[in-house]
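*Asks:* Attaching a single structure in structure tokens format; questions to follow.
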Amino acid sequence: TQSTWGASYGYTDSDLIYKWKTNSYVDVNEAADPISKDADVELTNYELRNITHRASTRNLSTGYWPTLRAEFVLGRNTMYFIIQMYVPSALIVVLSWVSFWIGQGSVPARAAIGIITQLTILKLIDQANKDMPKVPY
């Protein structure tokens, strides 16, 4: 669950009240939700399962402060990892076993299979690193 919230620490709840605005273009018979998911936007590694929102008041030692909170429930898409990492890695390991069936005199063939296996694993690692989000640390 990923939560995000906003609060006013300049105005107390007697000066300011936060409310979620409902979409004015939604049909009156439908439930108007102030936060919605765009059908065209997808996350590669996650699935957005639920969105909840609420307006509340935080009780601090300096007073009552209005807040808005949104919670996004995400589920990890494991099929992405299976298809992109586990299956290719398993196939490359099986390919590397082929060198055990090649005769001892065929050193160039065995070396080529070993080098190809290592380069392919490095490419998989590189691709996995490119799919990771950029972080500032």
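Residue numbering restarts at 1 for every chain of the structure tokens, chains are lettered A, B, ... in their displayed order, and ligands are numbered from 1 as they appear.
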DSSP says strand (DSSP E) for which residues of chain A? Put them as an MDAnalysis selection string?

*Replies:* chainID A and resid 2:7 46:60 63:76

*Asks:* Looking at only C-alpha atoms, which of A:Lys37, A:His53, A:Arg58, A:Lys130 is the one that sits closest to Glu71 of chain A?

*Replies:*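 Closest to Glu71 of chain A of all the choices is A:His53.
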
*Asks:* Taking 6 positions as the minimum chain separation for residues in the same chain, which residues sit within 7 Å of Thr67 of chain A when counting only C-alpha atoms? Answer as a PDB file with C-alpha atoms, in the first residue's frame.

*Replies:*
```pdb
ATOM      1  CA  TRP A   5      -1.236  12.883   1.974  1.00  0.00           C
ATOM      2  CA  GLY A   6      -1.269  16.625   2.090  1.00  0.00           C
ATOM      3  CA  ALA A   7      -1.835  18.856   5.069  1.00  0.00           C
ATOM      4  CA  SER A   8      -1.994  22.513   5.925  1.00  0.00           C
ATOM      5  CA  TYR A  18     -10.139  20.128   2.808  1.00  0.00           C
ATOM      6  CA  ALA A  55     -10.291  13.873   4.348  1.00  0.00           C
ATOM      7  CA  SER A  56      -9.463  14.030   8.030  1.00  0.00           C
ATOM      8  CA  THR A  57      -8.041  16.195  10.784  1.00  0.00           C
ATOM      9  CA  ARG A  58      -4.703  15.562  12.498  1.00  0.00           C
TER      10      ARG A  58
END
```

*Asks:* Find the residues near segment 106-123 of chain A: any atom within 10 Å, counting only C-alpha atoms, skip ones fewer than 6 places away on the same chain, and give them as JSON, numbers by chain.

*Replies:* {"A": [85, 88, 89, 91, 92, 93, 94, 95, 96, 97, 98, 99, 100, 129]}

*Asks:* Take the selection from the previous step and output its residues with C-alpha atoms, as a PDB file, in the first residue's frame.

*Replies:*
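So the final result, stored in again_7.pdb, reads:
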```
ATOM      1  CA  MET A  85      14.046 -13.176 -15.974  1.00  0.00           C
ATOM      2  CA  PRO A  88      15.432 -16.974 -20.059  1.00  0.00           C
ATOM      3  CA  SER A  89      17.885 -17.646 -17.215  1.00  0.00           C
ATOM      4  CA  LEU A  91      17.094 -21.756 -20.705  1.00  0.00           C
ATOM      5  CA  ILE A  92      20.599 -20.281 -20.686  1.00  0.00           C
ATOM      6  CA  VAL A  93      21.655 -22.622 -17.866  1.00  0.00           C
ATOM      7  CA  VAL A  94      20.311 -25.594 -19.832  1.00  0.00           C
ATOM      8  CA  LEU A  95      22.208 -24.354 -22.894  1.00  0.00           C
ATOM      9  CA  SER A  96      25.424 -24.191 -20.861  1.00  0.00           C
ATOM     10  CA  TRP A  97      25.035 -27.894 -20.021  1.00  0.00           C
ATOM     11  CA  VAL A  98      25.462 -28.704 -23.716  1.00  0.00           C
ATOM     12  CA  SER A  99      29.192 -28.168 -23.275  1.00  0.00           C
ATOM     13  CA  PHE A 100      29.322 -31.320 -21.103  1.00  0.00           C
ATOM     14  CA  ASN A 129      18.722  -2.773 -14.463  1.00  0.00           C
TER      15      ASN A 129
END
```

*Asks:* Which is closest to Asn77 of chain A among A:Ile17, A:Val41, A:Leu48, A:Ile35, if we use only C-alpha atoms?

*Replies:*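 The answer is A:Leu48, which sits nearest to Asn77 of chain A.
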
*Asks:* Near Tyr80 of chain A, counting only C-alpha atoms, which residues have an atom at most 10 Å away, once you skip same-chain residues fewer than 5 positions from it, shown as a compact mmCIF listing (two decimals) with N, CA and C atoms, in the first residue's frame?

*Replies:*
```
# COMPACT_ATOMS: atom_id res chain seq x y z
N THR A 44 4.63 -1.50 -15.30
CA THR A 44 5.20 -2.74 -15.79
C THR A 44 5.21 -3.83 -14.74
N ASN A 45 5.62 -3.51 -13.55
CA ASN A 45 5.81 -4.52 -12.52
C ASN A 45 4.66 -4.62 -11.52
N TYR A 46 3.70 -3.72 -11.59
CA TYR A 46 2.64 -3.69 -10.58
C TYR A 46 1.27 -3.56 -11.22
N MET A 85 12.80 -12.80 -16.64
CA MET A 85 14.05 -13.18 -15.97
C MET A 85 14.20 -14.68 -15.77
N TYR A 86 13.23 -15.33 -15.16
CA TYR A 86 13.41 -16.72 -14.76
C TYR A 86 13.47 -17.67 -15.94
```
